[in-house]
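Here is coords.txt, consisting of compact mmCIF, C-alpha atoms:
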```txt
# COMPACT_ATOMS: atom_id res chain seq x y z
CA MET A 1 0.00 0.00 0.00
CA LYS A 2 1.42 3.37 -1.05
CA PRO A 3 1.58 6.13 1.55
CA LEU A 4 -0.92 8.96 1.18
CA ILE A 5 1.90 11.52 1.16
CA THR A 6 5.06 10.82 -0.78
CA LYS A 7 8.15 12.86 -0.07
CA LYS A 8 9.59 14.16 -3.32
CA PRO A 9 13.31 14.94 -3.67
CA TRP A 10 14.15 18.58 -3.05
CA HIS A 11 15.47 20.33 -6.15
CA PRO A 12 16.53 23.86 -5.20
CA PHE A 13 17.34 24.73 -8.84
CA LYS A 14 14.47 22.93 -10.52
CA GLU A 15 12.49 26.10 -11.19
CA LEU A 16 15.52 28.33 -11.61
CA ASN A 17 15.78 30.39 -14.78
CA TYR A 18 19.45 29.87 -15.52
CA THR A 19 19.72 32.70 -18.06
CA ALA A 20 18.49 35.22 -15.49
CA PHE A 21 20.56 33.58 -12.75
CA PHE A 22 23.94 33.87 -14.45
CA ILE A 23 23.38 37.40 -15.78
CA THR A 24 22.25 38.75 -12.40
CA LEU A 25 25.01 36.85 -10.61
CA LEU A 26 27.87 38.12 -12.75
CA LEU A 27 26.88 41.60 -13.91
CA PRO A 28 26.60 43.51 -10.55
CA PRO A 29 30.16 42.60 -9.44
CA PHE A 30 31.41 43.26 -12.99
CA ILE A 31 30.04 46.81 -12.69
CA LEU A 32 30.73 47.60 -9.04
CA VAL A 33 34.18 46.09 -8.43
CA PRO A 34 35.91 48.34 -11.02
CA VAL A 35 33.93 51.32 -9.69
CA HIS A 36 35.33 50.65 -6.22
CA LEU A 37 38.87 50.03 -7.43
CA PHE A 38 39.29 52.94 -9.83
CA VAL A 39 37.00 55.74 -8.56
CA LYS A 40 38.28 57.64 -5.53
CA PRO A 41 36.86 58.42 -3.06
CA SER A 42 34.88 55.20 -3.16
CA MET A 43 31.36 55.53 -4.53
CA LEU A 44 30.20 52.57 -2.44
CA LEU A 45 28.36 53.74 0.65
CA ALA A 46 29.50 50.89 2.89
CA GLU A 47 33.15 51.65 2.14
CA ARG A 48 32.67 55.34 2.99
CA PHE A 49 31.29 54.62 6.44
CA PHE A 50 32.96 51.28 7.20
CA PRO A 51 36.25 50.92 5.30
CA GLY A 52 36.93 47.40 4.10
CA THR A 53 33.26 46.40 3.75
CA TRP A 54 32.86 47.22 0.05
CA TRP A 55 32.79 43.52 -0.85
CA LEU A 56 29.89 42.92 1.55
CA GLU A 57 27.77 45.62 -0.10
CA ILE A 58 28.47 44.16 -3.54
CA ALA A 59 27.66 40.64 -2.32
CA LEU A 60 24.34 41.70 -0.80
CA LEU A 61 23.33 43.63 -3.91
CA THR A 62 24.24 40.65 -6.08
CA ILE A 63 22.03 38.36 -3.98
CA TYR A 64 19.24 40.92 -4.31
CA ALA A 65 19.73 41.06 -8.10
CA VAL A 66 19.61 37.26 -8.40
CA TRP A 67 16.39 37.13 -6.39
CA LEU A 68 14.71 39.97 -8.29
CA GLY A 69 15.84 38.51 -11.60
CA GLN A 70 14.04 35.27 -10.82
CA VAL A 71 10.93 37.18 -9.77
CA MET A 72 10.84 39.18 -13.00
CA ALA A 73 11.55 36.09 -15.13
CA LYS A 74 8.56 34.25 -13.66
CA THR A 75 6.03 36.93 -12.80
CA GLY A 76 2.74 37.10 -14.63
CA ASN A 77 2.36 40.78 -13.83
CA ILE A 78 5.52 42.54 -14.98
CA GLY A 79 4.19 46.07 -14.47
CA LYS A 80 3.21 45.51 -10.85
CA VAL A 81 6.66 44.25 -9.85
CA ARG A 82 8.50 46.79 -11.98
CA VAL A 83 6.68 49.69 -10.34
CA LYS A 84 7.69 48.43 -6.90
CA TYR A 85 11.42 48.02 -7.48
CA TRP A 86 11.53 51.23 -9.53
CA LEU A 87 9.87 53.16 -6.72
CA PHE A 88 12.19 51.45 -4.22
CA PHE A 89 15.21 52.79 -6.11
CA SER A 90 13.73 56.29 -6.20
CA ILE A 91 13.09 56.22 -2.44
CA ILE A 92 16.68 55.12 -1.80
CA PHE A 93 17.94 57.87 -4.12
CA PHE A 94 16.01 60.70 -2.50
CA GLY A 95 16.49 59.24 0.97
CA GLN A 96 20.26 59.46 0.57
CA PHE A 97 19.89 62.94 -0.88
CA ILE A 98 18.00 64.10 2.22
CA LEU A 99 20.43 62.34 4.57
CA GLY A 100 23.33 63.97 2.74
CA LEU A 101 21.82 67.41 3.31
CA THR A 102 20.73 66.91 6.90
CA VAL A 103 22.93 64.25 8.51
CA ASN A 104 26.25 63.58 6.80
CA SER A 105 27.70 64.75 3.47
CA LYS A 106 29.18 61.26 2.98
CA PHE A 107 25.75 60.27 1.70
CA LEU A 108 26.39 62.54 -1.31
CA MET A 109 28.65 61.34 -4.10
CA SER A 110 30.90 64.39 -4.10
CA GLY A 111 29.88 66.03 -0.85
CA ASN A 112 28.42 68.91 -2.85
CA LEU A 113 24.78 69.69 -3.55
CA HIS A 114 23.38 68.78 -6.96
CA LEU A 115 19.69 69.26 -7.59
CA PRO A 116 18.00 65.92 -8.38
CA ILE A 117 16.52 67.15 -11.68
CA PRO A 118 17.14 64.98 -14.76
CA ALA A 119 17.37 68.04 -17.02
CA LEU A 120 20.57 69.01 -15.20
CA ILE A 121 22.28 65.88 -16.51
CA ILE A 122 22.28 67.76 -19.82
CA GLY A 123 22.14 71.39 -18.73
CA ALA A 124 24.58 71.52 -15.81
CA PRO A 125 27.76 70.46 -17.69
CA ILE A 126 26.94 72.91 -20.50
CA TYR A 127 26.45 75.73 -17.99
CA ARG A 128 29.61 74.89 -16.00
CA GLY A 129 31.72 73.86 -18.98
CA GLU A 130 32.89 70.83 -16.98
CA GLY A 131 31.62 67.91 -14.94
CA PHE A 132 30.56 65.47 -17.63
CA PHE A 133 30.40 62.42 -15.34
CA MET A 134 26.59 62.22 -15.29
CA PRO A 135 26.17 62.54 -19.09
CA LEU A 136 28.81 59.82 -19.56
CA LEU A 137 27.03 57.64 -17.00
CA LEU A 138 23.76 58.18 -18.85
CA LEU A 139 25.30 57.29 -22.22
CA SER A 140 26.90 54.19 -20.70
CA THR A 141 23.55 53.15 -19.29
CA LEU A 142 21.88 53.68 -22.67
CA ALA A 143 24.46 51.41 -24.25
CA ILE A 144 23.50 48.67 -21.78
CA VAL A 145 19.70 48.98 -21.46
CA GLY A 146 18.70 51.48 -24.16
CA PRO A 147 15.54 53.52 -23.48
CA GLY A 148 14.84 51.29 -20.48
CA TRP A 149 16.63 53.95 -18.43
CA CYS A 150 13.37 55.91 -18.46
CA SER A 151 11.15 53.07 -17.24
CA HIS A 152 13.44 51.23 -14.83
CA LEU A 153 16.25 53.48 -13.59
CA CYS A 154 15.19 57.15 -13.62
CA TYR A 155 14.73 58.47 -10.09
CA ILE A 156 12.04 60.96 -11.20
CA GLY A 157 10.13 58.79 -13.64
CA ALA A 158 8.93 56.47 -10.86
CA TRP A 159 6.84 59.31 -9.41
CA ASP A 160 5.41 60.33 -12.76
CA ASN A 161 4.42 56.71 -13.28
CA ALA A 162 2.74 56.59 -9.87
CA SER A 163 0.78 59.75 -10.70
CA ALA A 164 -0.29 58.44 -14.11
CA ARG A 165 -1.57 55.18 -12.65
CA HIS A 166 -4.06 57.10 -10.52
CA LYS A 167 -6.28 56.92 -13.61
CA LYS A 168 -7.11 53.48 -14.98
CA ARG A 169 -7.19 54.36 -18.67
CA PRO A 170 -4.96 56.91 -20.41
CA LYS A 171 -6.74 59.84 -22.00
CA LYS A 172 -4.88 61.58 -24.81
CA THR A 173 -5.38 65.31 -25.33
CA ILE A 174 -2.61 65.98 -27.86
CA THR A 175 -1.41 64.02 -30.87
CA ARG A 176 1.87 62.14 -31.00
CA LYS A 177 3.20 64.65 -33.53
CA GLN A 178 2.48 67.46 -31.07
CA THR A 179 4.11 65.44 -28.29
CA LEU A 180 7.28 64.94 -30.32
CA ILE A 181 7.45 68.63 -31.22
CA LEU A 182 7.03 69.67 -27.59
CA ARG A 183 9.52 67.21 -26.14
CA TYR A 184 12.33 68.03 -28.59
CA ALA A 185 11.59 71.73 -28.22
CA MET A 186 12.15 71.25 -24.47
CA LEU A 187 15.44 69.50 -25.14
CA ALA A 188 16.57 72.34 -27.40
CA LEU A 189 15.41 74.91 -24.83
CA VAL A 190 17.49 73.36 -22.03
CA VAL A 191 20.62 73.12 -24.20
CA VAL A 192 20.32 76.70 -25.51
CA ALA A 193 19.44 78.15 -22.10
CA ALA A 194 22.42 76.44 -20.44
CA ALA A 195 24.76 77.61 -23.19
CA LEU A 196 23.51 81.20 -22.90
CA MET A 197 23.90 81.18 -19.11
CA ASN A 198 27.46 79.97 -19.59
CA TYR A 199 28.18 82.62 -22.23
CA PHE A 200 26.80 85.49 -20.12
CA ASN A 201 28.36 84.17 -16.88
CA VAL A 202 25.02 83.95 -15.07
CA PRO A 203 25.72 83.65 -11.30
CA ILE A 204 25.36 80.21 -9.75
CA THR A 205 22.58 81.46 -7.47
CA ALA A 206 20.48 82.60 -10.41
CA ALA A 207 21.18 79.34 -12.27
CA PHE A 208 20.13 77.40 -9.17
CA VAL A 209 16.82 79.28 -8.95
CA ILE A 210 16.10 78.71 -12.66
CA ALA A 211 16.88 74.99 -12.37
CA LEU A 212 14.74 74.68 -9.24
CA ALA A 213 11.81 76.42 -10.94
CA PHE A 214 12.17 74.08 -13.93
CA GLY A 215 12.11 71.05 -11.64
CA LEU A 216 9.16 72.25 -9.55
CA PHE A 217 7.13 72.92 -12.69
CA GLY A 218 7.84 69.33 -13.71
CA VAL A 219 6.45 68.16 -10.35
CA PHE A 220 3.31 70.21 -11.04
CA LEU A 221 2.92 68.48 -14.41
CA MET A 222 3.16 65.09 -12.71
CA LEU A 223 0.68 65.88 -9.97
CA TYR A 224 -1.82 67.61 -12.22
CA TYR A 225 -1.57 66.47 -15.85
CA SER A 226 -0.17 62.95 -15.47
CA ARG A 227 -2.61 62.20 -12.69
CA ARG A 228 -5.50 63.67 -14.65
CA LEU A 229 -4.68 62.17 -18.06
CA GLY A 230 -3.47 58.73 -16.97
CA TYR A 231 -0.24 58.73 -18.95
CA MET A 232 3.22 60.04 -18.11
CA PHE A 233 2.89 63.59 -19.39
CA HIS A 234 6.05 64.80 -17.66
CA CYS A 235 8.25 62.00 -19.02
CA THR A 236 6.83 61.93 -22.54
CA THR A 237 6.53 65.67 -23.15
CA TYR A 238 8.50 67.80 -20.67
CA CYS A 239 11.67 65.92 -19.67
CA PRO A 240 14.61 66.69 -22.00
CA VAL A 241 16.52 63.62 -20.83
CA GLY A 242 13.56 61.46 -21.81
CA SER A 243 13.72 63.02 -25.27
CA LEU A 244 17.42 62.23 -25.59
CA VAL A 245 16.99 58.71 -24.23
CA THR A 246 14.21 57.73 -26.64
CA LEU A 247 16.09 59.29 -29.55
CA LEU A 248 19.39 57.50 -28.85
CA GLY A 249 17.46 54.44 -27.74
CA LYS A 250 16.54 53.77 -31.34
CA LEU A 251 20.13 52.58 -31.77
CA TYR A 252 19.50 49.84 -29.20
CA PRO A 253 18.82 46.45 -30.87
CA LEU A 254 15.78 45.49 -28.76
CA ARG A 255 12.28 46.00 -30.19
CA VAL A 256 8.69 45.33 -29.15
CA LYS A 257 6.93 43.34 -31.86
CA ILE A 258 3.26 42.43 -32.18
CA ASP A 259 2.28 39.24 -34.01
CA GLN A 260 -0.50 40.28 -36.39
CA ASN A 261 -1.56 36.65 -36.88
CA THR A 262 -2.59 36.22 -33.24
CA CYS A 263 -3.36 39.81 -32.16
CA THR A 264 -7.09 40.31 -31.56
CA ALA A 265 -6.85 44.13 -31.59
CA CYS A 266 -8.47 44.26 -28.14
CA ASN A 267 -6.22 47.30 -27.34
CA ILE A 268 -5.78 46.26 -23.70
CA CYS A 269 -2.04 46.81 -24.07
CA SER A 270 -2.81 50.36 -25.20
CA THR A 271 -4.56 51.11 -21.92
CA GLU A 272 -1.69 49.52 -19.97
CA CYS A 273 1.04 51.59 -21.66
CA ARG A 274 1.66 54.85 -19.79
CA TYR A 275 4.17 56.11 -22.36
CA ASP A 276 1.61 56.40 -25.19
CA ALA A 277 3.68 53.94 -27.22
CA LEU A 278 0.90 51.50 -28.16
CA THR A 279 -1.87 53.36 -29.94
CA PRO A 280 -4.24 51.38 -32.21
CA ILE A 281 -2.11 52.56 -35.14
CA ASP A 282 1.04 51.11 -33.52
CA ILE A 283 -0.73 47.84 -32.78
CA LYS A 284 -1.88 47.58 -36.38
CA SER A 285 1.64 48.29 -37.63
CA GLY A 286 3.03 45.46 -35.50
CA SER A 287 5.53 47.43 -33.40
CA ALA A 288 5.59 49.88 -30.50
CA GLY A 289 5.75 53.61 -31.18
CA TRP A 290 8.49 56.19 -30.79
CA ASN A 291 7.91 56.72 -27.06
CA CYS A 292 8.49 53.05 -26.14
CA THR A 293 10.88 52.64 -23.21
CA LEU A 294 10.91 48.83 -23.12
CA CYS A 295 9.15 48.72 -19.74
CA GLY A 296 7.60 45.33 -20.55
CA ASP A 297 4.18 46.08 -19.05
CA CYS A 298 2.50 45.20 -22.34
CA LEU A 299 3.86 41.64 -22.25
CA SER A 300 1.75 40.54 -19.31
CA SER A 301 -1.27 42.60 -20.42
CA CYS A 302 -1.64 40.71 -23.73
CA HIS A 303 -4.11 37.85 -23.28
CA ALA A 304 -3.23 36.42 -26.70
CA SER A 305 0.54 36.48 -25.98
CA SER A 306 0.98 38.35 -29.25
CA ILE A 307 3.56 40.80 -27.92
CA ARG A 308 7.20 39.75 -27.81
CA PHE A 309 10.60 41.36 -27.40
CA SER A 310 12.95 40.93 -30.33
CA PHE A 311 16.72 41.16 -29.71
CA PHE A 312 18.81 41.52 -32.89
CA GLY A 313 15.80 40.09 -34.71
CA SER A 314 15.58 37.00 -32.47
CA ARG A 315 12.74 36.49 -30.01
CA LYS A 316 14.34 33.61 -28.14
CA ASN A 317 14.86 34.60 -24.48
CA ALA A 318 14.94 38.27 -25.53
CA TRP A 319 12.82 39.46 -22.60
CA ILE A 320 14.63 37.27 -20.06
CA ILE A 321 18.04 38.48 -21.19
CA TYR A 322 16.96 42.11 -21.23
CA ILE A 323 15.17 42.21 -17.88
CA SER A 324 18.09 40.36 -16.26
CA ILE A 325 20.47 43.05 -17.50
CA VAL A 326 18.07 45.75 -16.28
CA VAL A 327 17.74 44.16 -12.84
CA ALA A 328 21.51 43.78 -12.51
CA LEU A 329 21.97 47.45 -13.41
CA HIS A 330 19.19 48.40 -11.00
CA ALA A 331 21.10 46.67 -8.21
CA GLY A 332 24.26 48.50 -9.24
CA PHE A 333 22.43 51.83 -9.25
CA LEU A 334 21.27 51.20 -5.69
CA ALA A 335 24.94 51.27 -4.72
CA LEU A 336 25.51 54.49 -6.68
CA ALA A 337 22.23 56.23 -5.84
CA ARG A 338 23.85 59.34 -4.50
CA LEU A 339 24.24 62.79 -5.99
```
Let me see the structure of the file written as structure tokens.
Amino acid sequence: MKPLITKKPWHPFKELNYTAFFITLLLPPFILVPVHLFVKPSMLLAERFFPGTWWLEIALLTIYAVWLGQVMAKTGNIGKVRVKYWLFFSIIFFGQFILGLTVNSKFLMSGNLHLPIPALIIGAPIYRGEGFFMPLLLLSTLAIVGPGWCSHLCYIGAWDNASARHKKRPKKTITRKQTLILRYAMLALVVVAAALMNYFNVPITAAFVIALAFGLFGVFLMLYYSRRLGYMFHCTTYCPVGSLVTLLGKLYPLRVKIDQNTCTACNICSTECRYDALTPIDIKSGSAGWNCTLCGDCLSSCHASSIRFSFFGSRKNAWIIYISIVVALHAGFLALARL
């Protein structure tokens, strides 16, 4: 007689996604160890407060990346998990910013104040004529994850996303052509304004006030327009970094493709996309629109499984490879989330 309960062998790696495992295991140390060795003073927070513990911080972040990579590889609701870890990064970022101002300057990357406004990644070096670390970091990130910087790693975008999700269905008030004109006009405005302030030697105090006003107006757009319209108005129309990221992101080899043979044109993915990148026209064309930031929310929203990521033209493991790279970089950014 067989027992009612049979004890099955324990297989700790039976359900493991090995692609995600190896990428998230190897990439965080590959990024953070050279940062610790070659950038002085150390950019790792643990090393600043407790010398000799840099390896422990990297080890813990690697474990976190491996765990999150498995979660994202298996989850049936990509958007829900993505929003949480994205918001977590933003909280860590601004938390360290506040601690750096109020408790100890070691929480700041350089010990000096830098306003946490994405536009300054572009405008500040032009105004100062130096300090190109942040633009280089942005370009390096774009080379690794493409336009995913906007939907996974931007410390401001997480709040615009939270505001937009207050409304269940996006409501467009302007056309995509108008959106593109506005967003690249904003990019040009920031570049020209910074260059003019440099040319006329505008005092740092005045430049600070202008930058602060620009950032606060962006917050207003999030709280009012994004919340009211249900899509990320700040990120898709106002943010100059978002404009640059989506423009250069077209060089990245990952694409969102829609299988026209199985797509039912239900447009559920269109209501899920907060970047206005999946209009009915985009769905009919079989690919995401210009504003796509490779967030992946559309993957789990498609009941027909018609949406796939294509990497160098291949769909095999494209999403798993990409999200594993994003998660590994997210873990690395947690270590570098200081201004």
Between atom CA of Ala213 of chain A and atom CA of His330 of chain A, what distance in Å does the model show, to one decimal?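 The value is 29.0 Å.
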Quick one: distance from atom CA of Leu278 of chain A to atom CA of Tyr231 of chain A in Å, one decimal? 11.8 Å
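Distance check against Arg227 of chain A using all atoms listed in the file: of A:Thr262, A:Ser243, A:Asn161, A:Ser270, the minimum falls on A:Asn161.
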Min atom-atom distance to Thr173 of chain A from the set A:Arg82, A:Leu248, A:Trp159, A:Asp276, counting all atoms listed in the file, belongs to A:Asp276
Please list as a list of chain:residue names every residue within 10 Å of Thr271 of chain A, counting only C-alpha atoms and excluding residues in the same chain fewer than 5 positions away. A:Lys168, A:Arg169, A:Pro170, A:Lys171, A:Gly230, A:Tyr231, A:Asp276, A:Leu278, A:Thr279, A:Cys298, A:Ser301
For a cutoff of 10 Å around the file-coordinate point (15.4, 41.4, -10.0), which residues qualify once you count all atoms listed in the file? I'd like the result as number ranges by chain. A: 20-21, 24, 62-73, 81-82, 85, 323-331
Please provide as a VMD selection string all residues within 12 Å of segment 177-185 of chain A, with the sequence filter that same-chain residues fewer than 5 positions apart are discarded (counting all atoms listed in the file). chain A and resid 172 190 to 193 232 to 247 275 to 277 289 to 291
As lines of an AutoDock Vina configuration file, please: the centre and edge lengths in Å, to one decimal, of an axis-aligned box enclosing every listed atom of segment 324-339 of chain A with 8 Å added on each side.
```
center_x = 21.6
center_y = 51.6
center_z = -11.0
size_x = 23.8
size_y = 38.4
size_z = 29.0
```
Using all atoms listed in the file, which of A:Leu251, A:Ile320, A:Leu223, A:Ala335 sits nearest Lys167 of chain A?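 Nearest candidate to Lys167 of chain A out of A:Leu251, A:Ile320, A:Leu223, A:Ala335: A:Leu223.
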Atom CA of Tyr322 of chain A sits from atom CA of Lys250 of chain A at a separation of 15.4 Å
Applying 8 Å and all atoms listed in the file, which residues near segment 124-137 of chain A remain after dropping the ones on its own chain fewer than 4 positions away? List them as a list in words.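 So the residues in contact are Leu120, Thr141, Val191, Ala194, Ala195, Leu196, Met197 and Asn198 of chain A.
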Might you pull out every residue within 10 Å of Leu32 of chain A, with all atoms listed in the file counted and same-chain residues fewer than 3 positions away left off, and present them as a list of chain:residue names?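 The neighbour list is A:Leu27, A:Pro28, A:Pro29, A:Val35, A:His36, A:Leu37, A:Met43, A:Leu44, A:Trp54, A:Trp55, A:Glu57, A:Ile58, A:Leu61, A:Thr62, A:Leu329, A:Ala331, A:Gly332, A:Phe333, A:Ala335, A:Leu336.
Taking only C-alpha atoms into account, Glu272 of chain A lies nearest to A:Cys302 out of the set A:Ile144, A:Ile258, A:Ala206, A:Cys302.
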Could you check which of A:Ser306, A:Asn317, A:Asn17, A:Asn201 is closest to Ala265 of chain A, using only C-alpha atoms?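 Counting only C-alpha atoms, the residue closest to Ala265 of chain A is A:Ser306.
Shortest separation to Gly215 of chain A among A:Ile92, A:Ile78, A:Ile156, A:Ile31 occurs at residue A:Ile156, atoms counted being all atoms listed in the file.
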Set the distance at 7 Å and use only C-alpha atoms: which residues neighbour Leu153 of chain A once local chain neighbours fewer than 3 positions away are removed? I'd like the list as a PyMOL selection string. chain A and resi 86+149-150+330
Counting only C-alpha atoms, note down every residue that has an atom within 10 Å of the point (11.7, 62.8, -5.1) (file coordinates), as number ranges by chain. A: 87, 90-95, 97-98, 116-117, 155-159, 219
Would you mind completing segment 88-104 of chain A so that it carries N, CA and C atoms, and writing it out as a PDB file, in the coordinates of the input?
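Dumped everything to selection_7.pdb:
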```pdb
ATOM      1  N   PHE A  88      11.211  51.742  -5.275  1.00  0.00           N
ATOM      2  CA  PHE A  88      12.190  51.450  -4.220  1.00  0.00           C
ATOM      3  C   PHE A  88      13.504  52.160  -4.501  1.00  0.00           C
ATOM      4  N   PHE A  89      13.978  52.091  -5.747  1.00  0.00           N
ATOM      5  CA  PHE A  89      15.210  52.790  -6.110  1.00  0.00           C
ATOM      6  C   PHE A  89      15.073  54.291  -5.910  1.00  0.00           C
ATOM      7  N   SER A  90      13.939  54.850  -6.320  1.00  0.00           N
ATOM      8  CA  SER A  90      13.730  56.290  -6.200  1.00  0.00           C
ATOM      9  C   SER A  90      13.727  56.728  -4.735  1.00  0.00           C
ATOM     10  N   ILE A  91      13.114  55.918  -3.877  1.00  0.00           N
ATOM     11  CA  ILE A  91      13.090  56.220  -2.440  1.00  0.00           C
ATOM     12  C   ILE A  91      14.499  56.202  -1.863  1.00  0.00           C
ATOM     13  N   ILE A  92      15.290  55.199  -2.249  1.00  0.00           N
ATOM     14  CA  ILE A  92      16.680  55.120  -1.800  1.00  0.00           C
ATOM     15  C   ILE A  92      17.457  56.344  -2.285  1.00  0.00           C
ATOM     16  N   PHE A  93      17.248  56.718  -3.523  1.00  0.00           N
ATOM     17  CA  PHE A  93      17.940  57.870  -4.120  1.00  0.00           C
ATOM     18  C   PHE A  93      17.649  59.148  -3.339  1.00  0.00           C
ATOM     19  N   PHE A  94      16.367  59.460  -3.183  1.00  0.00           N
ATOM     20  CA  PHE A  94      16.010  60.700  -2.500  1.00  0.00           C
ATOM     21  C   PHE A  94      16.253  60.621  -0.998  1.00  0.00           C
ATOM     22  N   GLY A  95      16.175  59.409  -0.446  1.00  0.00           N
ATOM     23  CA  GLY A  95      16.490  59.240   0.970  1.00  0.00           C
ATOM     24  C   GLY A  95      17.941  59.600   1.254  1.00  0.00           C
ATOM     25  N   GLN A  96      18.853  59.131   0.389  1.00  0.00           N
ATOM     26  CA  GLN A  96      20.260  59.460   0.570  1.00  0.00           C
ATOM     27  C   GLN A  96      20.523  60.938   0.303  1.00  0.00           C
ATOM     28  N   PHE A  97      19.770  61.511  -0.611  1.00  0.00           N
ATOM     29  CA  PHE A  97      19.890  62.940  -0.880  1.00  0.00           C
ATOM     30  C   PHE A  97      19.530  63.755   0.367  1.00  0.00           C
ATOM     31  N   ILE A  98      18.436  63.397   1.014  1.00  0.00           N
ATOM     32  CA  ILE A  98      18.000  64.100   2.220  1.00  0.00           C
ATOM     33  C   ILE A  98      18.984  63.874   3.367  1.00  0.00           C
ATOM     34  N   LEU A  99      19.454  62.631   3.524  1.00  0.00           N
ATOM     35  CA  LEU A  99      20.430  62.340   4.570  1.00  0.00           C
ATOM     36  C   LEU A  99      21.739  63.096   4.331  1.00  0.00           C
ATOM     37  N   GLY A 100      22.108  63.239   3.063  1.00  0.00           N
ATOM     38  CA  GLY A 100      23.330  63.970   2.740  1.00  0.00           C
ATOM     39  C   GLY A 100      23.231  65.440   3.077  1.00  0.00           C
ATOM     40  N   LEU A 101      22.026  66.001   2.985  1.00  0.00           N
ATOM     41  CA  LEU A 101      21.820  67.410   3.310  1.00  0.00           C
ATOM     42  C   LEU A 101      21.669  67.646   4.803  1.00  0.00           C
ATOM     43  N   THR A 102      21.098  66.683   5.498  1.00  0.00           N
ATOM     44  CA  THR A 102      20.730  66.910   6.900  1.00  0.00           C
ATOM     45  C   THR A 102      21.594  66.185   7.925  1.00  0.00           C
ATOM     46  N   VAL A 103      22.215  65.074   7.529  1.00  0.00           N
ATOM     47  CA  VAL A 103      22.930  64.250   8.510  1.00  0.00           C
ATOM     48  C   VAL A 103      24.430  64.224   8.258  1.00  0.00           C
ATOM     49  N   ASN A 104      24.823  63.760   7.069  1.00  0.00           N
ATOM     50  CA  ASN A 104      26.250  63.580   6.800  1.00  0.00           C
ATOM     51  C   ASN A 104      26.483  63.696   5.293  1.00  0.00           C
TER      52      ASN A 104
END
```
